[in-house]
Amino acid sequence: MSFELVGLPALSRFGVDRCEPLRGDEEKLAALWPKARMLVVDTRGRTLVADRGTRVVDRPALEFGDQPPVNAVLLGEQDGVAWFAVLMPAVDEGEVPATRVWGPPELTDEPQWLDLRQAGATLDDTSAGLFTTAAALFQWHRLGKYCAKCGARTVLEKSGWASVCSGCEREEYPRTDSAVICLVHDGADQVLVARGPEWPEGRFSVLAGFVEAGESLEACVAREVSEEVGVAVRDIRYLGSQPWPFPRSLMIGFEAVADPAEPLRLAEGEIAEAKWVSRADVRKAIDEPGSVPGLGLAGGASIAFRMLQSWSRSV
């Protein structure tokens with residue numbers, strides 16, 4: 001039985017016009033600057049959020065100077081207000097290791113530094129879109145400091161949306177790596193979930209993998225599922241997509257059908273555990289986290305969560 005996503009994945013939401021022509025229009029940017037707002041992202045990928053994780057804390061752009069700083073990126077414009085972001089060193093960089101946080105944070109009304117995995121699901125549409133775009137751009141900047149053709153240093157242009165090589169003048173734009181993510185079910189009431197070797201015990205999600213050169217998305221779904229758990233899938237169907245800037249992926253969601261009687265053969269080093277679980281258990285694990293022993297599911301910021309949530313409520 002096919003299903004549809006019950007809503008946009010958390011990081012696919014956006015409430016501000018990206019306004020591509022504005023990025024290189026220095027005159028208009030200067031005119032918008034006095035009323036512009038600034039989002040600060042730290043080098044650990046966090047920004048200040050408030051009101052129990054529902055909004056980002058933005059600041060007047062003029063606090064950062066009379067014109068946009070050279071490292072500021074333009075996120076978009078809405079109702080005459082331009083939105084920028086700037087990368088700043090984390091105040092606790094030397095105190096707290098930048099390790100992945102698996103559990104949900106304790107949200108407060110007071111501002112707190114959270115990353116996208118922690119706050120992506122609770123932020124409002126505008127805040128989620130701004131933070132996701134800023135995180136994606138800063139990851140591209142971090143990984144694209146040198147020209148892929150000649151190795152010379154690159155220089156950012158167009159409000160952070162393009163880079164030009166200082167040696168051969170080659171232009172490049174933000175890179176996105178395509179990855180498929182597939183909810184495999186039996187056509188009835190069971191879904192296949194798996195756990196990577198670096199994941200905590202009991203933490204499961206659906207299967208995913210990167211698209212190879214010369215490969216279609218559907219072919220990638222079939223290959224990745226076969227490689228990771230050793231089963232064949234059929235009836236592959238597109239569901240939706242979501243940016244995942246960790247560091248620069250686009251997760252393209254699918255559903256597919258497989259036979260639960262087929263033995264699972266786990267890819268060594270990629271899959272630590274895989275199992276079929278019931279619709280009732282998935283629904284309960286989502287509604288009451290921790291209530292189903294050995295079944296913790298993907299966080300709410302991920303498209304995997306939206307896929308599992310949608311499938312569990314499709315009947």
# chains A, B, ... in the order shown; residues from 1 in each chain; ligands from 1
call {"tool": "residues_around", "arguments": {"residues": "region 23-26 of chain A", "least_positions_apart": "2", "cutoff": "7 Å", "atoms": "only C-alpha atoms", "output": "ChimeraX atom specification"}}
result
/A:20-21,28-30,74,158-159
call {"tool": "write_last_selection", "arguments": {"atoms": "N, CA and C atoms", "output": "PDB file, in the first residue's frame"}}
result
ATOM      1  N   GLU A  20      17.498  35.281  -5.891  1.00  0.00           N
ATOM      2  CA  GLU A  20      18.809  35.082  -6.523  1.00  0.00           C
ATOM      3  C   GLU A  20      19.364  36.331  -7.209  1.00  0.00           C
ATOM      4  N   PRO A  21      18.554  37.124  -7.955  1.00  0.00           N
ATOM      5  CA  PRO A  21      19.126  38.310  -8.627  1.00  0.00           C
ATOM      6  C   PRO A  21      19.717  39.338  -7.656  1.00  0.00           C
ATOM      7  N   LYS A  28      21.490  47.639  -4.485  1.00  0.00           N
ATOM      8  CA  LYS A  28      20.255  47.324  -3.767  1.00  0.00           C
ATOM      9  C   LYS A  28      20.551  46.728  -2.392  1.00  0.00           C
ATOM     10  N   LEU A  29      21.594  45.934  -2.303  1.00  0.00           N
ATOM     11  CA  LEU A  29      21.967  45.376  -0.999  1.00  0.00           C
ATOM     12  C   LEU A  29      22.326  46.483  -0.017  1.00  0.00           C
ATOM     13  N   ALA A  30      23.035  47.499  -0.511  1.00  0.00           N
ATOM     14  CA  ALA A  30      23.398  48.628   0.349  1.00  0.00           C
ATOM     15  C   ALA A  30      22.154  49.363   0.833  1.00  0.00           C
ATOM     16  N   LEU A  74      23.958  36.143   1.955  1.00  0.00           N
ATOM     17  CA  LEU A  74      22.576  36.583   1.816  1.00  0.00           C
ATOM     18  C   LEU A  74      21.662  35.354   1.774  1.00  0.00           C
ATOM     19  N   LYS A 158      29.134  37.176  -4.963  1.00  0.00           N
ATOM     20  CA  LYS A 158      27.679  37.094  -5.007  1.00  0.00           C
ATOM     21  C   LYS A 158      27.080  36.719  -3.653  1.00  0.00           C
ATOM     22  N   SER A 159      27.473  37.488  -2.650  1.00  0.00           N
ATOM     23  CA  SER A 159      26.933  37.331  -1.293  1.00  0.00           C
ATOM     24  C   SER A 159      27.105  35.914  -0.761  1.00  0.00           C
TER      25      SER A 159
END
call {"tool": "closest_atom_pairs", "arguments": {"of": "region 281-311 of chain A", "to": "region 180-186 of chain A", "cutoff": "10 Å", "atoms": "only C-alpha atoms", "output": "JSON lines"}}
result
{"residue": "A:Ile303", "atom": "CA", "partner": "A:Ile181", "partner_atom": "CA", "distance": 8.4}
{"residue": "A:Ala304", "atom": "CA", "partner": "A:Ile181", "partner_atom": "CA", "distance": 7.5}
{"residue": "A:Met307", "atom": "CA", "partner": "A:Leu183", "partner_atom": "CA", "distance": 6.9}
{"residue": "A:Leu308", "atom": "CA", "partner": "A:Leu183", "partner_atom": "CA", "distance": 7.4}
{"residue": "A:Trp311", "atom": "CA", "partner": "A:Leu183", "partner_atom": "CA", "distance": 8.5}
call {"tool": "residues_around", "arguments": {"residues": "Ala258 (chain A)", "least_positions_apart": "3", "cutoff": "9 Å", "atoms": "only C-alpha atoms", "output": "ChimeraX atom specification"}}
result
/A:184-187,192,231-235,261-262
call {"tool": "residues_around", "arguments": {"residues": "Phe14 (chain A)", "least_positions_apart": "4", "cutoff": "10 Å", "atoms": "only C-alpha atoms", "output": "PyMOL selection string"}}
result
chain A and resi 10+18+124-133
call {"tool": "select_by_dssp", "arguments": {"residues": "region 50-254 of chain A", "states": "strand (DSSP E or B)", "output": "PyMOL selection string"}}
result
chain A and resi 50+55-56+59-60+73-78+81-88+112-115+146+153-157+162-165+171-172+177-185+190-195+203-205+207-210+234-244+249-254
call {"tool": "residues_around", "arguments": {"residues": "Glu157 (chain A)", "least_positions_apart": "5", "cutoff": "10 Å", "atoms": "only C-alpha atoms", "output": "PyMOL selection string"}}
result
chain A and resi 23-24+70-71+73+162-164+171+173
call {"tool": "closest_residue", "arguments": {"among": "A:Trp102, A:Tyr238, A:Trp83, A:Phe210", "to": "Val225 (chain A)", "atoms": "only C-alpha atoms"}}
result
A:Phe210
call {"tool": "closest_residue", "arguments": {"among": "A:Pro293, A:Ala36, A:Asp109, A:Val257", "to": "Ala188 (chain A)", "atoms": "only C-alpha atoms"}}
result
A:Val257
call {"tool": "residues_around", "arguments": {"residues": "Asp79 (chain A)", "least_positions_apart": "3", "cutoff": "10 Å", "atoms": "only C-alpha atoms", "output": "list in words"}}
result
Val16, Asp17 and Ala82 of chain A
call {"tool": "residues_around", "arguments": {"residues": "region 243-254 of chain A", "least_positions_apart": "3", "cutoff": "10 Å", "atoms": "only C-alpha atoms", "output": "PyMOL selection string"}}
result
chain A and resi 5+9-13+45+116-117+129+132-140+142-143+174-184+208-211+217-218+221+235-240+301-304+306-307
call {"tool": "select_by_dssp", "arguments": {"residues": "region 6-243 of chain A", "states": "helix (DSSP H, G or I)", "output": "ChimeraX atom specification"}}
result
/A:10-12,20-24,26-35,61-64,116-119,125-143,158-160,217-229
call {"tool": "closest_residue", "arguments": {"among": "A:Ala85, A:Ala256, A:Val41, A:Val91", "to": "Val191 (chain A)", "atoms": "only C-alpha atoms"}}
result
A:Ala256
call {"tool": "closest_residue", "arguments": {"among": "A:Arg279, A:Arg313, A:Arg223, A:Arg203", "to": "Gly294 (chain A)", "atoms": "only C-alpha atoms"}}
result
A:Arg203
call {"tool": "decode", "arguments": {"residues": "region 210-226 of chain A", "atoms": "all heavy atoms", "output": "mmCIF file, in the first residue's frame"}}
result
data_model
loop_
_atom_site.group_PDB
_atom_site.id
_atom_site.type_symbol
_atom_site.label_atom_id
_atom_site.label_comp_id
_atom_site.auth_asym_id
_atom_site.auth_seq_id
_atom_site.Cartn_x
_atom_site.Cartn_y
_atom_site.Cartn_z
ATOM 1 N N PHE A 210 24.462 7.248 -1.202
ATOM 2 C CA PHE A 210 24.754 8.275 -2.198
ATOM 3 C C PHE A 210 24.591 7.737 -3.624
ATOM 4 O O PHE A 210 24.883 6.572 -3.909
ATOM 5 C CB PHE A 210 26.172 8.808 -2.020
ATOM 6 C CG PHE A 210 26.316 9.698 -0.822
ATOM 7 C CD1 PHE A 210 26.894 9.230 0.351
ATOM 8 C CD2 PHE A 210 25.852 11.007 -0.860
ATOM 9 C CE1 PHE A 210 27.014 10.051 1.462
ATOM 10 C CE2 PHE A 210 25.963 11.837 0.247
ATOM 11 C CZ PHE A 210 26.549 11.354 1.404
ATOM 12 N N VAL A 211 24.121 8.624 -4.490
ATOM 13 C CA VAL A 211 23.961 8.298 -5.908
ATOM 14 C C VAL A 211 25.336 8.283 -6.575
ATOM 15 O O VAL A 211 26.136 9.199 -6.380
ATOM 16 C CB VAL A 211 23.048 9.327 -6.602
ATOM 17 C CG1 VAL A 211 22.844 8.961 -8.070
ATOM 18 C CG2 VAL A 211 21.703 9.420 -5.878
ATOM 19 N N GLU A 212 25.598 7.242 -7.357
ATOM 20 C CA GLU A 212 26.871 7.147 -8.056
ATOM 21 C C GLU A 212 26.816 7.831 -9.413
ATOM 22 O O GLU A 212 25.736 8.095 -9.954
ATOM 23 C CB GLU A 212 27.253 5.673 -8.238
ATOM 24 C CG GLU A 212 27.579 4.964 -6.930
ATOM 25 C CD GLU A 212 28.095 3.558 -7.150
ATOM 26 O OE1 GLU A 212 27.929 3.024 -8.270
ATOM 27 O OE2 GLU A 212 28.674 2.995 -6.201
ATOM 28 N N ALA A 213 27.977 8.104 -9.973
ATOM 29 C CA ALA A 213 28.059 8.730 -11.297
ATOM 30 C C ALA A 213 27.371 7.845 -12.334
ATOM 31 O O ALA A 213 27.560 6.628 -12.353
ATOM 32 C CB ALA A 213 29.519 8.938 -11.682
ATOM 33 N N GLY A 214 26.551 8.458 -13.193
ATOM 34 C CA GLY A 214 25.888 7.728 -14.258
ATOM 35 C C GLY A 214 24.735 6.863 -13.796
ATOM 36 O O GLY A 214 24.292 5.982 -14.543
ATOM 37 N N GLU A 215 24.225 7.109 -12.585
ATOM 38 C CA GLU A 215 23.177 6.256 -12.008
ATOM 39 C C GLU A 215 21.893 7.044 -11.812
ATOM 40 O O GLU A 215 21.911 8.195 -11.365
ATOM 41 C CB GLU A 215 23.660 5.715 -10.667
ATOM 42 C CG GLU A 215 22.727 4.736 -9.996
ATOM 43 C CD GLU A 215 23.315 4.166 -8.713
ATOM 44 O OE1 GLU A 215 23.835 4.961 -7.894
ATOM 45 O OE2 GLU A 215 23.278 2.939 -8.526
ATOM 46 N N SER A 216 20.757 6.424 -12.139
ATOM 47 C CA SER A 216 19.471 7.066 -11.869
ATOM 48 C C SER A 216 19.129 6.920 -10.385
ATOM 49 O O SER A 216 19.696 6.085 -9.668
ATOM 50 C CB SER A 216 18.368 6.424 -12.713
ATOM 51 O OG SER A 216 18.052 5.132 -12.218
ATOM 52 N N LEU A 217 18.189 7.723 -9.935
ATOM 53 C CA LEU A 217 17.785 7.654 -8.530
ATOM 54 C C LEU A 217 17.161 6.302 -8.209
ATOM 55 O O LEU A 217 17.444 5.699 -7.165
ATOM 56 C CB LEU A 217 16.803 8.780 -8.220
ATOM 57 C CG LEU A 217 17.323 10.203 -8.419
ATOM 58 C CD1 LEU A 217 16.212 11.217 -8.145
ATOM 59 C CD2 LEU A 217 18.515 10.478 -7.520
ATOM 60 N N GLU A 218 16.303 5.816 -9.099
ATOM 61 C CA GLU A 218 15.644 4.539 -8.851
ATOM 62 C C GLU A 218 16.647 3.387 -8.824
ATOM 63 O O GLU A 218 16.551 2.472 -7.994
ATOM 64 C CB GLU A 218 14.574 4.281 -9.916
ATOM 65 C CG GLU A 218 13.389 5.226 -9.854
ATOM 66 C CD GLU A 218 13.663 6.590 -10.511
ATOM 67 O OE1 GLU A 218 14.766 6.783 -11.064
ATOM 68 O OE2 GLU A 218 12.766 7.438 -10.471
ATOM 69 N N ALA A 219 17.625 3.432 -9.736
ATOM 70 C CA ALA A 219 18.656 2.396 -9.742
ATOM 71 C C ALA A 219 19.475 2.447 -8.459
ATOM 72 O O ALA A 219 19.887 1.408 -7.923
ATOM 73 C CB ALA A 219 19.560 2.565 -10.958
ATOM 74 N N CYS A 220 19.705 3.645 -7.952
ATOM 75 C CA CYS A 220 20.444 3.790 -6.698
ATOM 76 C C CYS A 220 19.672 3.175 -5.534
ATOM 77 O O CYS A 220 20.258 2.505 -4.674
ATOM 78 C CB CYS A 220 20.733 5.264 -6.423
ATOM 79 S SG CYS A 220 21.701 5.552 -4.915
ATOM 80 N N VAL A 221 18.363 3.384 -5.502
ATOM 81 C CA VAL A 221 17.545 2.787 -4.448
ATOM 82 C C VAL A 221 17.714 1.271 -4.452
ATOM 83 O O VAL A 221 18.003 0.648 -3.415
ATOM 84 C CB VAL A 221 16.055 3.155 -4.633
ATOM 85 C CG1 VAL A 221 15.178 2.296 -3.711
ATOM 86 C CG2 VAL A 221 15.820 4.626 -4.350
ATOM 87 N N ALA A 222 17.543 0.660 -5.607
ATOM 88 C CA ALA A 222 17.639 -0.798 -5.700
ATOM 89 C C ALA A 222 19.029 -1.286 -5.316
ATOM 90 O O ALA A 222 19.179 -2.282 -4.590
ATOM 91 C CB ALA A 222 17.287 -1.249 -7.119
ATOM 92 N N ARG A 223 20.067 -0.595 -5.776
ATOM 93 C CA ARG A 223 21.436 -1.014 -5.477
ATOM 94 C C ARG A 223 21.751 -0.875 -3.993
ATOM 95 O O ARG A 223 22.314 -1.794 -3.373
ATOM 96 C CB ARG A 223 22.424 -0.181 -6.303
ATOM 97 C CG ARG A 223 23.886 -0.464 -5.964
ATOM 98 C CD ARG A 223 24.839 0.418 -6.749
ATOM 99 N NE ARG A 223 24.621 1.834 -6.540
ATOM 100 C CZ ARG A 223 25.018 2.508 -5.450
ATOM 101 N NH1 ARG A 223 25.654 1.873 -4.469
ATOM 102 N NH2 ARG A 223 24.779 3.812 -5.338
ATOM 103 N N GLU A 224 21.422 0.282 -3.417
ATOM 104 C CA GLU A 224 21.767 0.520 -2.023
ATOM 105 C C GLU A 224 21.065 -0.457 -1.085
ATOM 106 O O GLU A 224 21.666 -0.975 -0.151
ATOM 107 C CB GLU A 224 21.425 1.960 -1.628
ATOM 108 C CG GLU A 224 22.414 2.993 -2.138
ATOM 109 C CD GLU A 224 23.750 2.919 -1.400
ATOM 110 O OE1 GLU A 224 23.822 2.307 -0.318
ATOM 111 O OE2 GLU A 224 24.718 3.492 -1.913
ATOM 112 N N VAL A 225 19.781 -0.717 -1.316
ATOM 113 C CA VAL A 225 19.057 -1.657 -0.456
ATOM 114 C C VAL A 225 19.660 -3.050 -0.585
ATOM 115 O O VAL A 225 19.869 -3.752 0.407
ATOM 116 C CB VAL A 225 17.561 -1.670 -0.800
ATOM 117 C CG1 VAL A 225 16.842 -2.744 0.012
ATOM 118 C CG2 VAL A 225 16.935 -0.301 -0.516
ATOM 119 N N SER A 226 19.967 -3.434 -1.813
ATOM 120 C CA SER A 226 20.577 -4.745 -2.033
ATOM 121 C C SER A 226 21.941 -4.843 -1.364
ATOM 122 O O SER A 226 22.270 -5.848 -0.712
ATOM 123 C CB SER A 226 20.702 -5.019 -3.531
ATOM 124 O OG SER A 226 21.356 -6.242 -3.774
#
